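Peer 1: The structure's right below; bear with me while I get my questions together.
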Amino acid sequence: MHLLEVHNPVAQQRGLLNVLKTNPRPKSLNNLTIGLVWSGTHGGDLALNRAGEIIKERFSGVKTNFYTGGNYPNPPEILKKAAKECDVVIGATAD
């Protein structure tokens, strides 16, 4: 078994730091709905779809919902919809 540790390599560009606190991580992703939120940038959809595939391979009963806002940053209504419909949300941009 492999451990995947993900770090955000992007420096702060916009917005304020620590405006919102992160939610606690679930103990498992089994039987959860995962939201995959894409900003529309090149390659982000591929990364999110692959992340969804890997999660489904590792955990049972996982459902994924894909959301796209069409531009960066995602419109607030897209983020609110994903948060309402999903247990966990993963966001990605890529270039």
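Just remember, in the structure tokens the first chain shown is A, the second B, etc., residues are 1-based per chain, and ligands are 1-based in the order shown.
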For Tyr72 in chain A, list every protein, DNA or RNA residue within 8 Å, evaluated using only C-alpha atoms, and leave out those in the same chain fewer than 2 positions away; present the list as a list in words.

Peer 2: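 The residues satisfying every condition are Ser39, Gly40, Thr41, Gly69, Gly70 and Asn74 of chain A.
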
Peer 1: Store the residues picked out above, limited to N, CA and C atoms, as a short mmCIF file (atom, residue, chain, number, x, y, z; two decimals), in the first residue's frame.

Peer 2:
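Generated output (part_9.cif):
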```cif
data_model
loop_
_atom_site.label_atom_id
_atom_site.label_comp_id
_atom_site.auth_asym_id
_atom_site.auth_seq_id
_atom_site.Cartn_x
_atom_site.Cartn_y
_atom_site.Cartn_z
N SER A 39 -12.18 24.52 -11.94
CA SER A 39 -12.32 25.93 -12.30
C SER A 39 -12.35 26.16 -13.81
N GLY A 40 -12.08 25.13 -14.59
CA GLY A 40 -12.09 25.28 -16.04
C GLY A 40 -10.71 25.45 -16.65
N THR A 41 -9.66 25.51 -15.83
CA THR A 41 -8.32 25.66 -16.38
C THR A 41 -7.84 24.35 -16.98
N GLY A 69 -17.18 25.58 -12.70
CA GLY A 69 -17.65 26.95 -12.68
C GLY A 69 -17.30 27.69 -13.95
N GLY A 70 -16.42 27.09 -14.76
CA GLY A 70 -16.06 27.69 -16.03
C GLY A 70 -14.97 28.73 -15.98
N ASN A 74 -13.98 29.87 -8.99
CA ASN A 74 -15.32 29.34 -9.21
C ASN A 74 -16.36 30.27 -8.62
#
```

Peer 1: Could you pull out the alpha helix (DSSP H) residues of chain A from DSSP and send them as a PyMOL selection string?

Peer 2: chain A and resi 44-58+76-85

Peer 1: Since we have the selection now, will you write its residues out, keeping N, CA and C atoms, as a short mmCIF file (atom, residue, chain, number, x, y, z; two decimals), in the first residue's frame?

Peer 2:
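Saved the output as selection-v1.cif:
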```cif
data_model
loop_
_atom_site.label_atom_id
_atom_site.label_comp_id
_atom_site.auth_asym_id
_atom_site.auth_seq_id
_atom_site.Cartn_x
_atom_site.Cartn_y
_atom_site.Cartn_z
N GLY A 44 -7.08 20.57 -15.26
CA GLY A 44 -7.67 20.37 -13.94
C GLY A 44 -8.72 19.28 -13.94
N ASP A 45 -9.48 19.18 -15.02
CA ASP A 45 -10.51 18.14 -15.12
C ASP A 45 -9.89 16.76 -15.14
N LEU A 46 -8.76 16.62 -15.82
CA LEU A 46 -8.06 15.33 -15.87
C LEU A 46 -7.57 14.92 -14.49
N ALA A 47 -6.99 15.86 -13.77
CA ALA A 47 -6.49 15.57 -12.43
C ALA A 47 -7.63 15.18 -11.50
N LEU A 48 -8.74 15.90 -11.56
CA LEU A 48 -9.87 15.59 -10.69
C LEU A 48 -10.49 14.24 -11.03
N ASN A 49 -10.67 13.96 -12.31
CA ASN A 49 -11.24 12.67 -12.69
C ASN A 49 -10.34 11.52 -12.23
N ARG A 50 -9.03 11.69 -12.36
CA ARG A 50 -8.11 10.64 -11.90
C ARG A 50 -8.16 10.50 -10.38
N ALA A 51 -8.24 11.61 -9.66
CA ALA A 51 -8.37 11.55 -8.20
C ALA A 51 -9.64 10.79 -7.82
N GLY A 52 -10.73 11.06 -8.52
CA GLY A 52 -11.98 10.35 -8.26
C GLY A 52 -11.86 8.86 -8.50
N GLU A 53 -11.16 8.47 -9.58
CA GLU A 53 -10.94 7.05 -9.88
C GLU A 53 -10.13 6.37 -8.77
N ILE A 54 -9.08 7.03 -8.33
CA ILE A 54 -8.23 6.46 -7.28
C ILE A 54 -9.01 6.30 -5.98
N ILE A 55 -9.79 7.29 -5.64
CA ILE A 55 -10.60 7.22 -4.41
C ILE A 55 -11.59 6.06 -4.50
N LYS A 56 -12.24 5.89 -5.65
CA LYS A 56 -13.20 4.79 -5.82
C LYS A 56 -12.51 3.43 -5.74
N GLU A 57 -11.25 3.35 -6.18
CA GLU A 57 -10.49 2.09 -6.07
C GLU A 57 -10.16 1.76 -4.62
N ARG A 58 -9.89 2.77 -3.82
CA ARG A 58 -9.44 2.56 -2.44
C ARG A 58 -10.56 2.45 -1.42
N PRO A 76 -19.37 31.51 -6.43
CA PRO A 76 -19.78 31.04 -5.10
C PRO A 76 -20.96 30.06 -5.13
N GLU A 77 -21.89 30.23 -6.07
CA GLU A 77 -23.04 29.32 -6.12
C GLU A 77 -22.63 27.87 -6.45
N ILE A 78 -21.57 27.72 -7.25
CA ILE A 78 -21.06 26.37 -7.57
C ILE A 78 -20.46 25.74 -6.32
N LEU A 79 -19.68 26.51 -5.59
CA LEU A 79 -19.05 26.01 -4.36
C LEU A 79 -20.10 25.67 -3.30
N LYS A 80 -21.11 26.51 -3.18
CA LYS A 80 -22.19 26.24 -2.21
C LYS A 80 -22.96 24.98 -2.58
N LYS A 81 -23.22 24.80 -3.87
CA LYS A 81 -23.93 23.61 -4.32
C LYS A 81 -23.12 22.36 -4.01
N ALA A 82 -21.83 22.38 -4.31
CA ALA A 82 -20.97 21.23 -4.03
C ALA A 82 -20.93 20.93 -2.53
N ALA A 83 -20.82 21.97 -1.72
CA ALA A 83 -20.77 21.78 -0.26
C ALA A 83 -22.07 21.20 0.26
N LYS A 84 -23.20 21.60 -0.32
CA LYS A 84 -24.50 21.11 0.13
C LYS A 84 -24.73 19.66 -0.28
N GLU A 85 -24.29 19.29 -1.47
CA GLU A 85 -24.58 17.97 -2.02
C GLU A 85 -23.55 16.90 -1.68
#
```

Peer 1: Compare A:Pro26, A:Gly61, A:Gly91, A:Pro75 by their minimum atom-to-atom distance to Trp38 in chain A, counting only C-alpha atoms, and give me the closest one.

Peer 2: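 With only C-alpha atoms as the atom set, the closest residue is A:Gly91.
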
Peer 1: Write out as a PyMOL selection string all residues of chain A that DSSP puts in strand (DSSP E) for this structure's backbone.

Peer 2: chain A and resi 33-38+63-68+88-92

Peer 1: Write out as a list in words the residues lying within 9 Å of Asp87 in chain A, counting only C-alpha atoms and excluding same-chain residues fewer than 6 positions away.

Peer 2: Pro26, Leu29, Leu32, Thr33, Ile34 and Gly35 of chain A

Peer 1: Can you spit out the residues from that selection as a PDB file, in the first residue's frame, using C-alpha atoms?

Peer 2:
```pdb
ATOM      1  CA  PRO A  26     -13.409  12.228   7.843  1.00  0.00           C
ATOM      2  CA  LEU A  29     -14.172   8.012   2.613  1.00  0.00           C
ATOM      3  CA  LEU A  32     -19.315   9.231   1.114  1.00  0.00           C
ATOM      4  CA  THR A  33     -20.132  11.546  -1.785  1.00  0.00           C
ATOM      5  CA  ILE A  34     -17.050  13.347  -3.071  1.00  0.00           C
ATOM      6  CA  GLY A  35     -17.428  16.628  -4.947  1.00  0.00           C
TER       7      GLY A  35
END
```

Peer 1: CA of Phe59 in chain A and CA of Ser28 in chain A, how far apart in Å?

Peer 2: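 Separating CA of Ser28 in chain A from CA of Phe59 in chain A is a distance of 7.9 Å.
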
Peer 1: Using only C-alpha atoms, which residue out of A:Asn71, A:Thr22, A:Asn8, A:Thr64 lies closest to Leu36 in chain A?

Peer 2: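 Nearest candidate to Leu36 in chain A out of A:Asn71, A:Thr22, A:Asn8, A:Thr64: A:Thr64.
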
Peer 1: A:Val6, A:Ala92, A:Cys86, A:Met1: which is nearest Lys63 in chain A, counting only C-alpha atoms?

Peer 2: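 Checking each of A:Val6, A:Ala92, A:Cys86, A:Met1 against Lys63 in chain A, counting only C-alpha atoms, the winner is A:Cys86.
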
Peer 1: Mind pulling up the distance from CA of Leu3 in chain A to CA of Val89 in chain A?

Peer 2: 19.9 Å

Peer 1: Would you mind reading off the distance between CA of Lys21 in chain A and CA of His42 in chain A, one decimal, in Å?

Peer 2: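 Between CA of Lys21 in chain A and CA of His42 in chain A the gap is 28.2 Å.
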